[in-house]
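So this block is run-v1.pdb, PDB, C-alpha atoms and all ligand atoms:
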```
ATOM      1  CA  MET A   1     -80.678  55.168 -81.391
ATOM      2  CA  PRO A   2     -80.589  56.965 -78.021
ATOM      3  CA  GLY A   3     -81.513  54.753 -75.141
ATOM      4  CA  VAL A   4     -79.679  51.530 -75.947
ATOM      5  CA  PHE A   5     -76.860  52.253 -73.492
ATOM      6  CA  ASP A   6     -78.240  52.133 -69.967
ATOM      7  CA  ARG A   7     -77.368  55.480 -68.397
ATOM      8  CA  SER A   8     -78.907  54.682 -65.039
ATOM      9  CA  ARG A   9     -75.473  54.173 -63.431
ATOM     10  CA  LYS A  10     -75.724  50.520 -62.501
ATOM     11  CA  ARG A  11     -72.059  49.733 -63.189
ATOM     12  CA  GLY A  12     -69.082  52.012 -62.703
ATOM     13  CA  LEU A  13     -65.328  51.833 -63.170
ATOM     14  CA  VAL A  14     -63.044  53.591 -60.729
ATOM     15  CA  ARG A  15     -59.257  53.567 -60.470
ATOM     16  CA  ASN A  16     -57.291  53.595 -57.257
ATOM     17  CA  ILE A  17     -55.604  56.780 -56.100
ATOM     18  CA  SER A  18     -51.998  57.024 -57.272
ATOM     19  CA  SER A  19     -49.220  56.752 -54.712
ATOM     20  CA  ASP A  20     -47.985  59.965 -56.411
ATOM     21  CA  PHE A  21     -51.321  61.745 -55.911
ATOM     22  CA  ASP A  22     -49.528  64.601 -54.166
ATOM     23  CA  SER A  23     -48.092  65.479 -57.623
ATOM     24  CA  ALA A  24     -51.510  65.624 -59.298
ATOM     25  CA  VAL A  25     -52.189  68.612 -61.544
ATOM     26  CA  SER A  26     -53.910  71.357 -59.574
ATOM     27  CA  LYS A  27     -54.763  74.910 -60.526
ATOM     28  CA  PHE A  28     -58.199  75.790 -59.187
ATOM     29  CA  PHE A  29     -59.424  74.376 -55.860
ATOM     30  CA  GLY A  30     -56.014  73.180 -54.691
ATOM     31  CA  GLU A  31     -54.372  75.217 -51.929
ATOM     32  CA  ARG A  32     -51.672  72.637 -51.112
ATOM     33  CA  PRO A  33     -50.657  69.173 -52.354
ATOM     34  CA  PRO A  34     -53.226  66.544 -51.383
ATOM     35  CA  LYS A  35     -52.391  64.092 -48.605
ATOM     36  CA  VAL A  36     -52.145  60.730 -50.329
ATOM     37  CA  ASP A  37     -53.181  58.524 -47.406
ATOM     38  CA  THR A  38     -56.251  60.593 -46.585
ATOM     39  CA  ALA A  39     -57.180  60.743 -50.271
ATOM     40  CA  LYS A  40     -57.055  56.932 -50.377
ATOM     41  CA  ILE A  41     -59.391  56.736 -47.377
ATOM     42  CA  GLN A  42     -61.777  59.246 -48.958
ATOM     43  CA  HIS A  43     -61.690  57.292 -52.217
ATOM     44  CA  LYS A  44     -62.762  54.160 -50.317
ATOM     45  CA  GLY A  45     -65.605  56.192 -48.782
ATOM     46  CA  TYR A  46     -66.593  57.306 -52.270
ATOM     47  CA  ILE A  47     -66.681  53.707 -53.508
ATOM     48  CA  ASP A  48     -68.790  52.742 -50.474
ATOM     49  CA  ALA A  49     -71.209  55.582 -51.230
ATOM     50  CA  LEU A  50     -71.601  54.335 -54.805
ATOM     51  CA  ARG A  51     -72.074  50.744 -53.673
ATOM     52  CA  THR A  52     -74.611  51.576 -50.993
ATOM     53  CA  SER A  53     -76.493  53.587 -53.623
ATOM     54  CA  GLY A  54     -76.793  50.476 -55.773
ATOM     55  CA  VAL A  55     -73.822  50.783 -58.157
ATOM     56  CA  ILE A  56     -71.706  47.711 -58.994
ATOM     57  CA  VAL A  57     -68.193  49.129 -58.812
ATOM     58  CA  GLU A  58     -65.150  47.661 -60.546
ATOM     59  CA  ILE A  59     -61.851  48.945 -59.168
ATOM     60  CA  LEU A  60     -58.850  49.243 -61.474
ATOM     61  CA  GLU A  61     -55.349  49.289 -60.060
ATOM     62  CA  GLU A  62     -53.480  52.604 -59.950
ATOM     63  CA  LEU A  63     -51.407  53.412 -63.009
ATOM     64  CA  PRO A  64     -47.800  53.855 -61.887
ATOM     65  CA  GLY A  65     -46.321  57.251 -62.697
ATOM     66  CA  HIS A  66     -49.738  58.821 -63.349
ATOM     67  CA  PRO A  67     -50.711  61.000 -60.371
ATOM     68  CA  ASP A  68     -54.139  61.849 -61.868
ATOM     69  CA  CYS A  69     -55.080  58.292 -62.854
ATOM     70  CA  CYS A  70     -58.075  58.143 -60.473
ATOM     71  CA  PHE A  71     -59.944  60.703 -62.629
ATOM     72  CA  VAL A  72     -61.345  58.132 -65.030
ATOM     73  CA  GLU A  73     -64.290  60.295 -66.127
ATOM     74  CA  ASP A  74     -61.826  62.171 -68.305
ATOM     75  CA  THR A  75     -60.779  59.142 -70.330
ATOM     76  CA  ALA A  76     -63.854  58.145 -72.355
ATOM     77  CA  VAL A  77     -67.382  59.030 -73.443
ATOM     78  CA  ILE A  78     -69.809  56.215 -74.139
ATOM     79  CA  PHE A  79     -72.491  56.136 -76.820
ATOM     80  CA  GLU A  80     -74.554  52.961 -76.914
ATOM     81  CA  ASP A  81     -72.101  50.211 -77.974
ATOM     82  CA  LEU A  82     -69.235  52.622 -78.715
ATOM     83  CA  ALA A  83     -66.638  53.999 -76.323
ATOM     84  CA  VAL A  84     -64.961  57.138 -77.614
ATOM     85  CA  ILE A  85     -61.538  57.368 -76.028
ATOM     86  CA  CYS A  86     -60.668  60.922 -75.080
ATOM     87  CA  SER A  87     -57.495  62.713 -75.943
ATOM     88  CA  PRO A  88     -56.546  64.289 -72.608
ATOM     89  CA  GLY A  89     -55.849  67.989 -72.751
ATOM     90  CA  HIS A  90     -53.009  67.902 -70.216
ATOM     91  CA  PRO A  91     -49.802  66.215 -71.438
ATOM     92  CA  SER A  92     -49.135  64.425 -68.138
ATOM     93  CA  ARG A  93     -52.461  62.604 -68.541
ATOM     94  CA  ALA A  94     -52.122  61.502 -72.178
ATOM     95  CA  ASN A  95     -51.221  57.884 -71.444
ATOM     96  CA  GLU A  96     -54.017  57.254 -68.948
ATOM     97  CA  VAL A  97     -56.350  56.323 -71.804
ATOM     98  CA  HIS A  98     -54.612  53.155 -73.010
ATOM     99  CA  THR A  99     -55.431  50.932 -70.045
ATOM    100  CA  ILE A 100     -58.983  52.290 -70.063
ATOM    101  CA  SER A 101     -59.487  51.528 -73.756
ATOM    102  CA  GLU A 102     -58.181  48.012 -73.123
ATOM    103  CA  ARG A 103     -60.710  47.544 -70.340
ATOM    104  CA  LEU A 104     -63.579  49.118 -72.283
ATOM    105  CA  SER A 105     -62.868  46.953 -75.326
ATOM    106  CA  LYS A 106     -64.381  44.032 -73.362
ATOM    107  CA  ASP A 107     -67.795  45.740 -73.474
ATOM    108  CA  PHE A 108     -67.670  48.283 -76.275
ATOM    109  CA  GLU A 109     -66.335  49.030 -79.710
ATOM    110  CA  ILE A 110     -63.501  51.516 -79.378
ATOM    111  CA  LYS A 111     -62.958  54.726 -81.289
ATOM    112  CA  PHE A 112     -60.052  57.128 -80.780
ATOM    113  CA  LEU A 113     -60.329  60.822 -81.593
ATOM    114  CA  SER A 114     -57.886  62.191 -84.176
ATOM    115  CA  PRO A 115     -54.403  63.192 -82.976
ATOM    116  CA  GLU A 116     -55.281  66.903 -83.344
ATOM    117  CA  ALA A 117     -58.354  66.603 -81.115
ATOM    118  CA  LYS A 118     -58.139  67.423 -77.426
ATOM    119  CA  MET A 119     -60.893  66.371 -75.074
ATOM    120  CA  ASP A 120     -61.325  65.524 -71.394
ATOM    121  CA  GLY A 121     -64.477  63.612 -70.467
ATOM    122  CA  GLY A 122     -64.926  66.163 -67.683
ATOM    123  CA  ASP A 123     -66.162  68.581 -70.314
ATOM    124  CA  ILE A 124     -69.045  66.346 -71.335
ATOM    125  CA  VAL A 125     -72.381  66.440 -69.489
ATOM    126  CA  TYR A 126     -75.253  64.135 -70.438
ATOM    127  CA  THR A 127     -78.550  65.980 -70.054
ATOM    128  CA  GLY A 128     -81.092  63.239 -70.561
ATOM    129  CA  ASN A 129     -81.504  63.627 -74.298
ATOM    130  CA  GLY A 130     -78.248  65.138 -75.455
ATOM    131  CA  PHE A 131     -74.868  66.399 -74.380
ATOM    132  CA  LEU A 132     -73.404  69.683 -73.235
ATOM    133  CA  ILE A 133     -69.815  69.958 -74.411
ATOM    134  CA  GLY A 134     -67.473  72.400 -72.714
ATOM    135  CA  ARG A 135     -64.914  74.297 -74.745
ATOM    136  CA  SER A 136     -62.059  74.628 -72.274
ATOM    137  CA  THR A 137     -58.307  74.615 -71.866
ATOM    138  CA  ARG A 138     -58.601  70.804 -72.101
ATOM    139  CA  THR A 139     -61.147  70.444 -74.924
ATOM    140  CA  ASN A 140     -60.593  72.079 -78.309
ATOM    141  CA  ASP A 141     -62.841  72.726 -81.300
ATOM    142  CA  ILE A 142     -61.499  69.729 -83.214
ATOM    143  CA  GLY A 143     -62.459  67.461 -80.308
ATOM    144  CA  ILE A 144     -65.843  69.177 -80.040
ATOM    145  CA  ASN A 145     -66.575  68.710 -83.752
ATOM    146  CA  GLU A 146     -65.533  65.068 -83.755
ATOM    147  CA  LEU A 147     -67.591  64.226 -80.679
ATOM    148  CA  SER A 148     -70.611  66.188 -81.939
ATOM    149  CA  LYS A 149     -70.593  64.207 -85.197
ATOM    150  CA  ILE A 150     -70.496  60.927 -83.303
ATOM    151  CA  ALA A 151     -73.292  62.085 -80.954
ATOM    152  CA  SER A 152     -75.447  63.141 -83.874
ATOM    153  CA  LYS A 153     -74.934  59.771 -85.599
ATOM    154  CA  PHE A 154     -76.450  58.217 -82.489
ATOM    155  CA  GLY A 155     -79.350  60.700 -82.522
ATOM    156  CA  TYR A 156     -78.180  62.990 -79.701
ATOM    157  CA  SER A 157     -78.165  66.773 -79.784
ATOM    158  CA  THR A 158     -75.110  68.660 -78.560
ATOM    159  CA  GLN A 159     -74.693  72.164 -77.217
ATOM    160  CA  VAL A 160     -71.305  73.803 -76.778
ATOM    161  CA  ILE A 161     -70.693  75.867 -73.640
ATOM    162  CA  ASP A 162     -67.627  78.011 -73.111
ATOM    163  CA  VAL A 163     -66.094  76.921 -69.830
ATOM    164  CA  PRO A 164     -65.062  80.066 -67.938
ATOM    165  CA  SER A 165     -61.391  80.563 -67.147
ATOM    166  CA  SER A 166     -62.366  80.403 -63.453
ATOM    167  CA  THR A 167     -62.722  76.647 -63.634
ATOM    168  CA  LEU A 168     -61.222  73.452 -65.040
ATOM    169  CA  HIS A 169     -64.036  71.488 -66.649
ATOM    170  CA  LEU A 170     -67.708  71.907 -67.428
ATOM    171  CA  THR A 171     -68.516  69.179 -64.885
ATOM    172  CA  THR A 172     -66.672  71.193 -62.239
ATOM    173  CA  VAL A 173     -69.451  73.794 -62.302
ATOM    174  CA  CYS A 174     -72.613  71.880 -63.166
ATOM    175  CA  SER A 175     -74.313  68.493 -63.174
ATOM    176  CA  VAL A 176     -77.706  66.959 -63.911
ATOM    177  CA  PRO A 177     -79.562  65.651 -60.819
ATOM    178  CA  LYS A 178     -82.373  64.404 -63.077
ATOM    179  CA  ASN A 179     -83.441  64.783 -66.683
ATOM    180  CA  GLY A 180     -84.478  68.366 -67.369
ATOM    181  CA  MET A 181     -82.755  69.769 -64.273
ATOM    182  CA  LEU A 182     -79.306  71.344 -63.974
ATOM    183  CA  ILE A 183     -77.459  72.330 -60.826
ATOM    184  CA  ALA A 184     -74.948  75.064 -61.607
ATOM    185  CA  ALA A 185     -72.473  77.304 -59.808
ATOM    186  CA  GLU A 186     -73.207  81.016 -59.622
ATOM    187  CA  GLY A 187     -70.402  83.259 -60.818
ATOM    188  CA  HIS A 188     -69.033  80.630 -63.204
ATOM    189  CA  LEU A 189     -71.853  79.736 -65.571
ATOM    190  CA  LYS A 190     -74.200  82.510 -66.672
ATOM    191  CA  PRO A 191     -77.977  82.013 -66.940
ATOM    192  CA  GLU A 192     -77.866  82.893 -70.658
ATOM    193  CA  GLN A 193     -75.476  79.979 -71.292
ATOM    194  CA  ILE A 194     -78.050  77.525 -70.020
ATOM    195  CA  THR A 195     -80.956  76.678 -72.257
ATOM    196  CA  GLY A 196     -83.255  73.711 -72.607
ATOM    197  CA  PHE A 197     -83.636  72.839 -68.919
ATOM    198  CA  ASP A 198     -87.011  72.874 -67.116
ATOM    199  CA  GLU A 199     -85.334  73.838 -63.868
ATOM    200  CA  VAL A 200     -81.948  75.138 -62.738
ATOM    201  CA  ILE A 201     -80.735  74.972 -59.142
ATOM    202  CA  TRP A 202     -78.086  77.649 -58.604
ATOM    203  CA  VAL A 203     -75.569  77.083 -55.859
ATOM    204  CA  PRO A 204     -73.821  80.086 -54.353
ATOM    205  CA  ASN A 205     -70.324  80.846 -55.555
ATOM    206  CA  SER A 206     -68.972  79.935 -52.108
ATOM    207  CA  GLU A 207     -70.266  76.381 -52.700
ATOM    208  CA  THR A 208     -69.101  76.044 -56.319
ATOM    209  CA  TYR A 209     -67.432  72.693 -55.635
ATOM    210  CA  ALA A 210     -70.776  71.168 -54.634
ATOM    211  CA  SER A 211     -72.398  71.810 -58.021
ATOM    212  CA  ASN A 212     -70.808  68.546 -59.164
ATOM    213  CA  THR A 213     -73.156  65.778 -58.028
ATOM    214  CA  ILE A 214     -73.898  62.171 -58.951
ATOM    215  CA  ALA A 215     -77.580  61.329 -59.151
ATOM    216  CA  MET A 216     -79.002  57.842 -59.034
ATOM    217  CA  GLU A 217     -82.267  56.733 -60.592
ATOM    218  CA  ASN A 218     -83.711  56.071 -57.120
ATOM    219  CA  GLY A 219     -83.530  59.776 -56.158
ATOM    220  CA  ILE A 220     -80.303  59.532 -54.132
ATOM    221  CA  VAL A 221     -77.837  62.288 -54.999
ATOM    222  CA  LEU A 222     -74.213  62.074 -53.924
ATOM    223  CA  VAL A 223     -73.000  65.493 -52.832
ATOM    224  CA  SER A 224     -69.631  66.604 -51.463
ATOM    225  CA  ALA A 225     -69.639  66.950 -47.680
ATOM    226  CA  GLY A 226     -69.479  70.405 -46.151
ATOM    227  CA  PHE A 227     -71.762  72.380 -48.456
ATOM    228  CA  PRO A 228     -74.987  72.824 -46.469
ATOM    229  CA  ILE A 229     -76.744  75.276 -48.790
ATOM    230  CA  THR A 230     -76.424  72.967 -51.793
ATOM    231  CA  LYS A 231     -77.464  69.947 -49.737
ATOM    232  CA  GLN A 232     -80.536  71.828 -48.520
ATOM    233  CA  ARG A 233     -81.471  73.009 -52.021
ATOM    234  CA  LEU A 234     -81.276  69.463 -53.350
ATOM    235  CA  GLU A 235     -83.399  68.166 -50.484
ATOM    236  CA  THR A 236     -85.956  70.929 -51.033
ATOM    237  CA  ALA A 237     -86.095  69.791 -54.662
ATOM    238  CA  GLY A 238     -87.051  66.312 -53.421
ATOM    239  CA  PHE A 239     -83.757  64.415 -53.492
ATOM    240  CA  GLU A 240     -82.251  62.252 -50.780
ATOM    241  CA  THR A 241     -78.657  63.434 -50.382
ATOM    242  CA  LYS A 242     -75.670  61.342 -49.374
ATOM    243  CA  GLU A 243     -72.569  63.283 -48.357
ATOM    244  CA  VAL A 244     -69.104  62.122 -49.421
ATOM    245  CA  GLU A 245     -65.876  63.473 -47.891
ATOM    246  CA  MET A 246     -63.881  64.872 -50.809
ATOM    247  CA  GLY A 247     -61.451  67.337 -49.189
ATOM    248  CA  GLU A 248     -58.228  65.754 -50.453
ATOM    249  CA  ILE A 249     -59.615  64.931 -53.905
ATOM    250  CA  MET A 250     -60.663  68.582 -54.175
ATOM    251  CA  GLN A 251     -57.031  69.644 -53.589
ATOM    252  CA  ALA A 252     -56.294  67.996 -56.946
ATOM    253  CA  ASP A 253     -59.240  69.755 -58.664
ATOM    254  CA  GLY A 254     -61.218  66.525 -58.802
ATOM    255  CA  SER A 255     -64.936  66.314 -58.058
ATOM    256  CA  LEU A 256     -67.373  63.440 -57.521
ATOM    257  CA  THR A 257     -68.083  62.633 -61.170
ATOM    258  CA  CYS A 258     -64.383  62.737 -62.103
ATOM    259  CA  LEU A 259     -63.732  59.561 -60.108
ATOM    260  CA  SER A 260     -66.093  57.299 -62.086
ATOM    261  CA  LEU A 261     -66.759  56.110 -65.565
ATOM    262  CA  PHE A 262     -70.236  54.602 -65.750
ATOM    263  CA  ILE A 263     -70.407  51.711 -68.167
ATOM    264  CA  GLY A 264     -73.998  50.581 -67.808
TER     265      GLY A 264
HETATM  266  C1  LIG B   1     -56.507  67.453 -63.741
HETATM  267  O1  LIG B   1     -56.129  68.626 -63.610
HETATM  268  O2  LIG B   1     -56.607  66.923 -64.844
HETATM  269  C2  LIG B   1     -56.835  66.658 -62.504
HETATM  270  N1  LIG B   1     -55.998  67.064 -61.454
HETATM  271  C3  LIG B   1     -58.284  66.829 -62.121
HETATM  272  C4  LIG B   1     -59.222  66.203 -63.098
HETATM  273  C5  LIG B   1     -60.641  66.323 -62.677
HETATM  274  N2  LIG B   1     -61.511  65.696 -63.582
HETATM  275  C6  LIG B   1     -62.706  66.164 -63.923
HETATM  276  O3  LIG B   1     -63.093  67.275 -63.582
HETATM  277  N3  LIG B   1     -63.447  65.413 -64.740
END
```
How does this structure look as structure tokens?
Ligand code: CIR
Amino acid sequence: MPGVFDRSRKRGLVRNISSDFDSAVSKFFGERPPKVDTAKIQHKGYIDALRTSGVIVEILEELPGHPDCCFVEDTAVIFEDLAVICSPGHPSRANEVHTISERLSKDFEIKFLSPEAKMDGGDIVYTGNGFLIGRSTRTNDIGINELSKIASKFGYSTQVIDVPSSTLHLTTVCSVPKNGMLIAAEGHLKPEQITGFDEVIWVPNSETYASNTIAMENGIVLVSAGFPITKQRLETAGFETKEVEMGEIMQADGSLTCLSLFIG
């Protein structure tokens, strides 16, 4: 029964930046530990950008001892009235899911993946009628099979994409600005991996980070600040862009979508 869960991003959960954010896991974009205070300011700017784009944002408190706790996208995938709680692929993040499942249980039925499954929500991309699922260092075949079965029960197709070793998650190198359109990073995803889209906007490799966007139903697209080619390509495609300063979040390999879990 696709369509029952409102995917138009009216309500989002975010979680405050950890006071230990400078110990967040970082392997790809990070060149140095993030500055915690600046990251907190940027996170506030991010929340403002969501709110001024029409999203009702609920802010959860930071989870002590969990430097990556702001990356709530990784903790769950929602199908209609069911929240599937992920099984984070990095051991330091395993316990982030419990407080999220508690919160989600107010609105959704809860289902945990099996103990053998590994999955970060950052490997799941909703396309408009189905899901791309990234096979990555964080998401294994057991997780993929379990999630695909659940998706198919709800009438959604799934397509598995091998996430290249050059990047963390599938969402790190692509996103869906509107149904039927993908924006993807050159040099990471290959054209032959992408099927079923009417249009693909490629961003140059030098702007890889900007391929992760958050699109609203009203045509506003949140884009990371400082990537003029991507901004221009989105505007040429008819979107209104809103830039968000993400420099310190990027140092921890986090992108725009990673900071939210949309719940309606
Ligand atoms: C991690 O390595 O798990 C975090 N430092 C970054 C998570 C980013 N989340 C995402 O792409 N969905």
Exactly which residues make up the result of the PyMOL selection byres (((chain A and resi 190) around 12) and not hetatm) on this file, given as an MDAnalysis selection string? chainID A and resid 161:164 173:174 184:189 191:195 200 202 205
My list of candidates is A:Glu62, A:Ala215, A:Ala24, A:Asp141. Which is closest to Glu240 of chain A when distances are computed with only C-alpha atoms?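 Smallest distance to Glu240 of chain A is found for A:Ala215.
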Could you check which of A:Ile220, A:Ala76, A:Ile56, A:Met181 is closest to ligand LIG 1 (chain B), using only C-alpha atoms and all ligand atoms?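 Using only C-alpha atoms and all ligand atoms, the shortest distance to ligand LIG 1 (chain B) belongs to A:Ala76.
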Please write out, as JSON, where the centre of an axis-aligned box around all listed atoms of ligand LIG 1 (chain B) lies and how long its edges are, in Å to one decimal, after adding 4 Å on each side.
```
{"center_x": -59.7, "center_y": 67.0, "center_z": -63.1, "size_x": 15.4, "size_y": 11.2, "size_z": 11.4}
```
Find the nearest atom pair between each residue of chain A and ligand LIG 1 (chain B) for residues within 10 Å, count all atoms listed in the file, give distances in Å to one decimal, sort rows by chain and ascending number, and present the table as a tab-separated table.
```
residue	atom	partner	partner_atom	distance
A:Phe21	CA	B:LIG1	N1	9.0
A:Ser23	CA	B:LIG1	N1	8.9
A:Ala24	CA	B:LIG1	N1	5.2
A:Val25	CA	B:LIG1	N1	4.1
A:Ser26	CA	B:LIG1	N1	5.1
A:Lys27	CA	B:LIG1	O1	7.1
A:Phe28	CA	B:LIG1	O1	8.7
A:Phe29	CA	B:LIG1	N1	9.8
A:Gly30	CA	B:LIG1	N1	9.1
A:Pro67	CA	B:LIG1	N1	8.1
A:Asp68	CA	B:LIG1	C2	5.5
A:Cys69	CA	B:LIG1	C2	8.6
A:Cys70	CA	B:LIG1	C4	8.6
A:Phe71	CA	B:LIG1	N2	5.3
A:Val72	CA	B:LIG1	N3	7.6
A:Glu73	CA	B:LIG1	N3	5.4
A:Asp74	CA	B:LIG1	N3	5.1
A:Thr75	CA	B:LIG1	N3	8.8
A:Pro88	CA	B:LIG1	O2	8.2
A:Gly89	CA	B:LIG1	O2	8.0
A:His90	CA	B:LIG1	O2	6.5
A:Pro91	CA	B:LIG1	O2	9.5
A:Ser92	CA	B:LIG1	O2	8.5
A:Arg93	CA	B:LIG1	O2	7.0
A:Asp120	CA	B:LIG1	N3	7.0
A:Gly121	CA	B:LIG1	N3	6.1
A:Gly122	CA	B:LIG1	N3	3.4
A:Asp123	CA	B:LIG1	N3	7.0
A:Ile124	CA	B:LIG1	N3	8.7
A:Arg138	CA	B:LIG1	O2	8.5
A:Thr167	CA	B:LIG1	O3	9.4
A:Leu168	CA	B:LIG1	O3	6.6
A:His169	CA	B:LIG1	O3	5.3
A:Leu170	CA	B:LIG1	O3	7.6
A:Thr171	CA	B:LIG1	O3	5.9
A:Thr172	CA	B:LIG1	O3	5.5
A:Val173	CA	B:LIG1	O3	9.2
A:Asn212	CA	B:LIG1	O3	9.0
A:Ile249	CA	B:LIG1	C3	8.5
A:Met250	CA	B:LIG1	C3	8.5
A:Gln251	CA	B:LIG1	N1	8.3
A:Ala252	CA	B:LIG1	N1	4.6
A:Asp253	CA	B:LIG1	C3	4.6
A:Gly254	CA	B:LIG1	C5	3.9
A:Ser255	CA	B:LIG1	O3	5.9
A:Leu256	CA	B:LIG1	O3	8.4
A:Thr257	CA	B:LIG1	N3	6.5
A:Cys258	CA	B:LIG1	N3	3.9
A:Leu259	CA	B:LIG1	N2	7.4
A:Ser260	CA	B:LIG1	N3	8.9
A:Leu261	CA	B:LIG1	N3	9.9
```
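Counting only C-alpha atoms and comparing A:Pro177, A:Gly134, A:Gly143, A:Gly12, the residue that lies closest to Val160 of chain A is A:Gly134.
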Once you count all atoms listed in the file, which residues end up no further than 10 Å from (-80.3, 59.9, -79.5) in the file's frame, shown as a list in words?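 Residues found, by chain and rising number: Met1, Pro2, Gly3, Val4, Phe79, Glu80, Gly128, Asn129, Gly130, Phe131, Ala151, Ser152, Lys153, Phe154, Gly155, Tyr156 and Ser157 of chain A.
When all atoms listed in the file are used to compute distances to Pro115 of chain A, the closest of the residues A:Glu102, A:Asp20, A:Glu146, A:Glu58 turns out to be A:Glu146.
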Quick check, in Å to one decimal: how far apart do atom CA of Asp6 of chain A and atom CA of His43 of chain A lie?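 These atoms are spaced 24.8 Å apart.
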Using only C-alpha atoms: which of A:Lys149, A:His98, A:Lys178, A:Arg15 has the shortest distance to Gly219 of chain A: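 When distances to Gly219 of chain A are compared using only C-alpha atoms, the smallest one comes from A:Lys178.
What separates atom CA of Leu104 of chain A from atom CA of Val55 of chain A is a distance of 17.5 Å.
Separating atom CA of Leu222 of chain A from atom CA of Leu63 of chain A is a distance of 26.0 Å.
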Output check: residues returned by the PyMOL selection byres (((chain A and resi 216) around 12) and not hetatm), as a PyMOL selection string: chain A and resi 7-11+49-55+176-179+213-215+217-223+239-242+262
Of the residues A:Leu60, A:Ile17, A:Ile263, A:Val125, which is the one nearest to Lys44 of chain A, using only C-alpha atoms? A:Ile17
Could you pull segment 240-253 of chain A out of the structure I just pasted and write it to a file containing N, CA, C and O atoms, as a short mmCIF file (atom, residue, chain, number, x, y, z; two decimals), in the first residue's frame?
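To be explicit, this is the file written out as out03.cif:
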```cif
data_model
loop_
_atom_site.label_atom_id
_atom_site.label_comp_id
_atom_site.auth_asym_id
_atom_site.auth_seq_id
_atom_site.Cartn_x
_atom_site.Cartn_y
_atom_site.Cartn_z
N GLU A 240 14.35 25.99 -6.61
CA GLU A 240 14.83 27.13 -5.82
C GLU A 240 15.79 26.54 -4.79
O GLU A 240 15.39 25.64 -4.03
N THR A 241 17.03 26.97 -4.77
CA THR A 241 17.99 26.37 -3.84
C THR A 241 18.13 27.21 -2.58
O THR A 241 17.96 28.43 -2.60
N LYS A 242 18.40 26.52 -1.48
CA LYS A 242 18.67 27.20 -0.21
C LYS A 242 19.96 26.60 0.32
O LYS A 242 20.04 25.38 0.55
N GLU A 243 20.99 27.44 0.47
CA GLU A 243 22.29 26.93 0.89
C GLU A 243 22.37 26.78 2.41
O GLU A 243 21.88 27.63 3.15
N VAL A 244 23.00 25.72 2.86
CA VAL A 244 23.19 25.46 4.29
C VAL A 244 24.68 25.25 4.53
O VAL A 244 25.32 24.46 3.82
N GLU A 245 25.22 25.96 5.52
CA GLU A 245 26.65 25.80 5.87
C GLU A 245 26.86 24.46 6.55
O GLU A 245 26.25 24.18 7.59
N MET A 246 27.69 23.61 5.97
CA MET A 246 27.83 22.24 6.49
C MET A 246 29.29 21.87 6.76
O MET A 246 29.59 20.70 7.04
N GLY A 247 30.19 22.85 6.70
CA GLY A 247 31.63 22.55 6.75
C GLY A 247 32.07 21.63 7.88
O GLY A 247 32.87 20.72 7.67
N GLU A 248 31.56 21.88 9.09
CA GLU A 248 32.01 21.06 10.23
C GLU A 248 31.33 19.70 10.26
O GLU A 248 31.92 18.71 10.70
N ILE A 249 30.09 19.65 9.77
CA ILE A 249 29.38 18.36 9.71
C ILE A 249 30.08 17.47 8.68
O ILE A 249 30.23 16.26 8.87
N MET A 250 30.54 18.10 7.60
CA MET A 250 31.25 17.37 6.55
C MET A 250 32.52 16.72 7.10
O MET A 250 32.91 15.63 6.67
N GLN A 251 33.18 17.39 8.05
CA GLN A 251 34.42 16.81 8.63
C GLN A 251 34.15 15.47 9.30
O GLN A 251 35.07 14.68 9.51
N ALA A 252 32.87 15.23 9.65
CA ALA A 252 32.51 13.94 10.26
C ALA A 252 31.79 13.04 9.25
O ALA A 252 31.07 12.11 9.64
N ASP A 253 31.98 13.33 7.95
CA ASP A 253 31.38 12.53 6.88
C ASP A 253 29.85 12.59 6.84
O ASP A 253 29.21 11.71 6.26
#
```
